[in-house]
$ cat query20.cif   # mmCIF, C-alpha atoms
data_input
#
loop_
_atom_site.label_atom_id
_atom_site.label_comp_id
_atom_site.auth_asym_id
_atom_site.auth_seq_id
_atom_site.Cartn_x
_atom_site.Cartn_y
_atom_site.Cartn_z
CA MET K 25 0.00 0.00 0.00
CA LEU K 26 1.27 3.42 -0.90
CA THR K 27 1.86 5.73 2.04
CA VAL K 28 3.09 9.30 2.10
CA ASP K 29 6.36 8.19 3.70
CA ASN K 30 7.17 5.50 1.14
CA TYR K 31 6.13 7.84 -1.70
CA ILE K 32 8.59 10.50 -0.47
CA ASP K 33 11.28 7.88 0.17
CA SER K 34 10.85 6.69 -3.41
CA ILE K 35 11.25 10.25 -4.70
CA LYS K 36 14.45 10.67 -2.70
CA ALA K 37 15.83 7.37 -4.03
CA ASN K 38 15.00 8.29 -7.63
CA LEU K 39 16.57 11.74 -7.29
CA GLU K 40 19.71 10.24 -5.76
CA LYS K 41 20.25 8.28 -8.99
CA HIS K 42 20.81 11.63 -10.74
CA SER K 43 23.04 13.25 -8.11
CA ASP K 44 26.33 12.60 -9.92
CA LEU K 45 24.96 14.19 -13.09
CA LEU K 46 23.66 17.21 -11.18
CA VAL K 47 26.89 17.67 -9.21
CA GLY K 48 28.96 17.44 -12.41
CA ASN K 49 26.77 19.98 -14.20
CA LEU K 50 26.88 22.35 -11.22
CA LYS K 51 30.68 22.07 -11.04
CA ASN K 52 30.80 23.13 -14.68
CA ILE K 53 28.38 26.04 -14.11
CA ILE K 54 30.46 27.31 -11.20
CA THR K 55 33.43 27.79 -13.56
CA TYR K 56 31.56 30.08 -15.97
CA ASN K 57 32.92 33.56 -16.64
CA TYR K 58 29.74 35.44 -15.74
CA PHE K 59 28.86 38.71 -17.45
CA SER K 60 29.38 41.62 -15.05
CA GLU K 61 25.77 42.82 -15.34
CA ILE K 62 24.40 39.61 -13.79
CA ASP K 63 23.17 40.21 -10.24
CA LEU K 64 21.94 36.74 -9.29
CA LEU K 65 21.31 33.22 -10.51
CA ASP K 66 17.94 31.46 -10.41
CA PHE K 67 18.00 27.67 -10.59
CA THR K 68 14.40 27.09 -11.63
CA VAL K 69 12.66 23.74 -11.24
CA PHE K 70 10.02 22.75 -13.76
CA ILE K 71 7.80 19.88 -12.65
CA GLU K 72 5.83 17.70 -15.05
CA PRO K 73 3.55 15.90 -12.57
CA THR K 74 1.76 13.65 -15.07
CA ASN K 75 5.12 12.14 -16.10
CA PHE K 76 6.71 12.50 -12.65
CA GLU K 77 9.62 14.42 -14.17
CA ILE K 78 11.58 17.47 -13.13
CA SER K 79 14.04 19.58 -15.02
CA ILE K 80 16.19 22.44 -13.74
CA ARG K 81 17.32 25.45 -15.75
CA MET K 82 19.62 28.24 -14.55
CA PHE K 83 18.76 31.82 -15.47
CA SER K 84 21.14 34.77 -15.08
CA MET K 85 19.13 37.71 -13.76
CA ASP K 86 19.42 41.40 -12.90
CA ARG K 87 17.82 43.11 -9.88
CA GLU K 88 14.79 44.10 -11.96
CA ALA K 89 13.88 40.41 -12.42
CA ASN K 90 15.00 40.40 -16.06
CA GLU K 91 17.11 37.72 -17.64
CA VAL K 92 20.54 39.09 -18.57
CA PHE K 93 22.03 38.42 -22.00
CA TYR K 94 25.49 39.22 -23.33
CA GLU K 95 25.78 40.51 -26.87
CA GLY K 96 29.52 41.10 -26.97
CA ASN K 97 32.17 39.25 -28.93
CA ASP K 98 33.95 37.52 -26.04
CA THR K 99 32.88 33.87 -26.33
CA THR K 100 34.14 33.13 -22.82
CA VAL K 101 31.52 35.38 -21.19
CA PHE K 102 28.31 33.70 -20.05
CA ALA K 103 24.87 35.23 -19.72
CA GLY K 104 21.41 33.85 -20.42
CA SER K 105 20.20 30.45 -19.37
CA VAL K 106 21.40 26.88 -19.44
CA ASP K 107 19.90 23.48 -18.67
CA VAL K 108 21.25 22.18 -15.39
CA ILE K 109 19.52 18.83 -15.53
CA PRO K 110 17.14 17.48 -18.18
CA ASP K 111 13.84 15.79 -17.53
CA VAL K 112 14.53 13.17 -14.90
CA THR K 113 11.98 10.82 -13.41
CA TYR K 114 11.38 11.36 -9.72
CA TYR K 115 8.71 8.69 -9.20
CA GLN K 116 7.58 5.54 -10.99
CA LEU K 117 4.04 4.26 -10.74
CA ILE K 118 4.10 0.59 -9.82
CA ASP K 119 0.64 -0.92 -9.98
CA ASP K 120 -1.63 2.09 -10.06
CA SER K 121 -2.80 3.99 -13.07
CA LEU K 122 -2.13 7.72 -13.12
CA ASP K 123 -5.82 8.51 -12.60
CA ASP K 124 -6.02 6.21 -9.57
CA PHE K 125 -2.84 7.69 -8.16
CA LEU K 126 -4.07 11.25 -8.56
CA ASP K 127 -7.62 10.59 -7.35
CA ASN K 128 -6.97 8.19 -4.52
CA PHE K 129 -3.60 9.19 -3.18
CA TYR K 130 -2.38 12.59 -4.26
CA GLU K 131 -5.61 14.54 -3.80
CA VAL K 132 -6.38 12.84 -0.49
CA ASN K 133 -2.95 13.78 0.89
CA TYR K 134 -2.62 17.22 -0.69
CA PRO K 135 -1.18 19.76 0.39
CA ALA K 136 1.10 17.76 2.71
CA ILE K 137 2.51 15.78 -0.22
CA TYR K 138 3.17 18.93 -2.23
CA GLU K 139 5.18 20.43 0.63
CA LEU K 140 7.10 17.18 1.22
CA GLU K 141 7.89 16.89 -2.51
CA GLN K 142 9.23 20.44 -2.55
CA LYS K 143 11.34 19.70 0.52
CA ALA K 144 12.74 16.54 -1.09
CA PHE K 145 13.63 18.42 -4.31
CA THR K 146 15.16 21.33 -2.36
CA ASP K 147 17.16 19.10 -0.03
CA TRP K 148 18.50 17.08 -2.97
CA PHE K 149 19.53 20.17 -4.92
CA GLY K 150 21.05 21.78 -1.81
CA GLN K 151 23.15 18.69 -1.09
CA CYS K 152 24.36 18.55 -4.69
CA TRP K 153 25.07 22.30 -4.57
CA LYS K 154 27.32 21.81 -1.55
CA LYS K 155 29.06 18.76 -3.09
CA SER K 156 29.78 20.75 -6.24
CA GLY K 157 31.34 23.63 -4.29
CA GLY K 158 28.55 26.03 -5.21
CA ASP K 159 29.20 28.18 -2.16
CA ILE K 160 32.36 29.56 -3.79
CA LEU K 161 30.24 31.28 -6.44
CA ASN K 162 30.25 35.04 -5.88
CA LEU K 163 26.73 35.58 -7.21
CA PRO K 164 23.67 35.21 -4.98
CA SER K 165 22.04 31.95 -6.06
CA PHE K 166 18.52 30.71 -5.54
CA PHE K 167 16.57 27.49 -6.01
CA VAL K 168 13.09 28.33 -7.31
CA PHE K 169 9.97 26.39 -8.24
CA HIS K 170 8.55 27.74 -11.48
CA ASP K 171 5.63 30.11 -10.87
CA ASP K 172 6.10 30.03 -7.09
CA THR K 173 6.40 33.12 -4.88
CA LYS K 174 9.34 32.03 -2.75
CA SER K 175 12.99 31.25 -3.38
CA TYR K 176 15.48 29.12 -1.50
CA GLU K 177 18.68 31.06 -0.86
CA LEU K 178 21.44 28.51 -1.43
CA LYS K 179 24.19 30.22 0.58
CA ASN K 180 22.03 30.88 3.65
CA ASN K 181 19.88 27.75 3.33
CA GLN K 182 16.64 29.60 3.91
CA TRP K 183 13.42 30.39 2.11
CA ILE K 184 12.70 34.02 1.27
CA ASP K 185 9.88 35.83 -0.45
CA ASP K 186 10.74 36.36 -4.11
CA GLU K 187 10.50 40.11 -3.75
CA GLU K 188 13.39 40.13 -1.26
CA LYS K 189 15.90 38.90 -3.81
CA TRP K 190 15.18 41.74 -6.23
CA THR K 191 16.03 44.50 -3.73
#
$ encode --input "query20.cif" --output "structure tokens"
Amino acid sequence: MLTVDNYIDSIKANLEKHSDLLVGNLKNIITYNYFSEIDLLDFTVFIEPTNFEISIRMFSMDREANEVFYEGNDTTVFAGSVDVIPDVTYYQLIDDSLDDFLDNFYEVNYPAIYELEQKAFTDWFGQCWKKSGGDILNLPSFFVFHDDTKSYELKNNQWIDDEEKWT
């Protein structure tokens, strides 16, 4: 029988399978020669719940919440966005159909499951961030769920309201 605990444990186990890839990609991102007009980095999570997939994309941003682009000739300068991790599966249905899962498990346990999923994703990314040496990056960096109103500050390990990071 599916319980909230074994659902979340399964998510953690599936994410762990992709940790080496994430750490390697983050190590590469840390070495970028960032354009001087970049004020912060947003590592944005996109969740595809019907396929149980997440992807993460990094956006270079200014303080006005605009993505920063570089139009100069120096090919070593980075600005814009880059995929950090492609669509990876975070949960696999075993015996249930998607409709049964959503109707009989997810909706019954919502919003607790949603919060626990976000915590699992955030903890996983935060651990990989630390393993990759992300703290040496001189730009403020945030872990963000697409279309959410809060951001996880990676250096301070705390949630903040999105508006705080733009000031």
$ residues_near_point --input "query20.cif" --point "(8.7, 23.9, -9.0)" --cutoff "6 Å" --atoms "only C-alpha atoms" --output "PDB file with C-alpha atoms, in the frame of the given file"
ATOM      1  CA  VAL K  69      12.660  23.740 -11.240  1.00  0.00           C
ATOM      2  CA  PHE K  70      10.020  22.750 -13.760  1.00  0.00           C
ATOM      3  CA  ILE K  71       7.800  19.880 -12.650  1.00  0.00           C
ATOM      4  CA  PHE K 169       9.970  26.390  -8.240  1.00  0.00           C
ATOM      5  CA  HIS K 170       8.550  27.740 -11.480  1.00  0.00           C
TER       6      HIS K 170
END
$ atom_distance --input "query20.cif" --atom1 "atom CA of K:Leu64" --atom2 "atom CA of K:Asn97"
22.3 Å
$ resolve_selection --input "query20.cif" --expression "the PyMOL selection byres ((chain K and resi 121-129) around 12)" --output "list in words"
Met25, Leu26, Thr27, Val28, Tyr31, Pro73, Thr74, Asn75, Phe76, Tyr115, Gln116, Leu117, Ile118, Asp119, Asp120, Tyr130, Glu131, Val132, Asn133, Tyr134, Pro135, Ala136, Ile137 and Tyr138 of chain K
$ resolve_selection --input "query20.cif" --expression "the PyMOL selection byres ((chain K and resi 93) around 7)" --output "count of residues only"
6
$ closest_residue --input "query20.cif" --among "K:Glu188, K:Asp66, K:Asp111, K:Glu40" --to "K:Cys152" --atoms "all atoms listed in the file"
K:Glu40
$ closest_residue --input "query20.cif" --among "K:Asn52, K:Gln182, K:Ser84, K:Ser34" --to "K:Thr68" --atoms "all atoms listed in the file"
K:Ser84
$ resolve_selection --input "query20.cif" --expression "the PyMOL selection byres ((chain K and resi 156) around 8)" --output "list of chain:residue names"
K:Val47, K:Gly48, K:Leu50, K:Lys51, K:Cys152, K:Trp153, K:Lys154, K:Lys155, K:Gly157, K:Gly158
$ atom_distance --input "query20.cif" --atom1 "atom CA of K:Glu141" --atom2 "atom CA of K:Pro164"
24.3 Å
$ residues_around --input "query20.cif" --residues "K:Phe102" --least-positions-apart "4" --cutoff "12 Å" --atoms "only C-alpha atoms" --output "list in words"
Ile53, Ile54, Thr55, Tyr56, Asn57, Tyr58, Phe59, Ser60, Glu61, Ile62, Leu65, Met82, Phe83, Ser84, Met85, Val92, Phe93, Tyr94, Glu95, Gly96, Asn97, Asp98 and Val106 of chain K
$ closest_residue --input "query20.cif" --among "K:Glu88, K:Glu187, K:Glu77, K:Asp44" --to "K:Asp63" --atoms "all atoms listed in the file"
K:Glu88
$ closest_residue --input "query20.cif" --among "K:Gly150, K:Glu139, K:Asp185, K:Val168" --to "K:Ile32" --atoms "only C-alpha atoms"
K:Glu139
$ closest_residue --input "query20.cif" --among "K:Thr191, K:Arg87, K:Phe149, K:Ala37" --to "K:Leu178" --atoms "all atoms listed in the file"
K:Phe149
$ atom_distance --input "query20.cif" --atom1 "atom CA of K:Asn38" --atom2 "atom CA of K:Val108"
17.1 Å
$ closest_residue --input "query20.cif" --among "K:Lys41, K:Phe145, K:Thr173, K:Lys179" --to "K:Leu161" --atoms "all atoms listed in the file"
K:Lys179
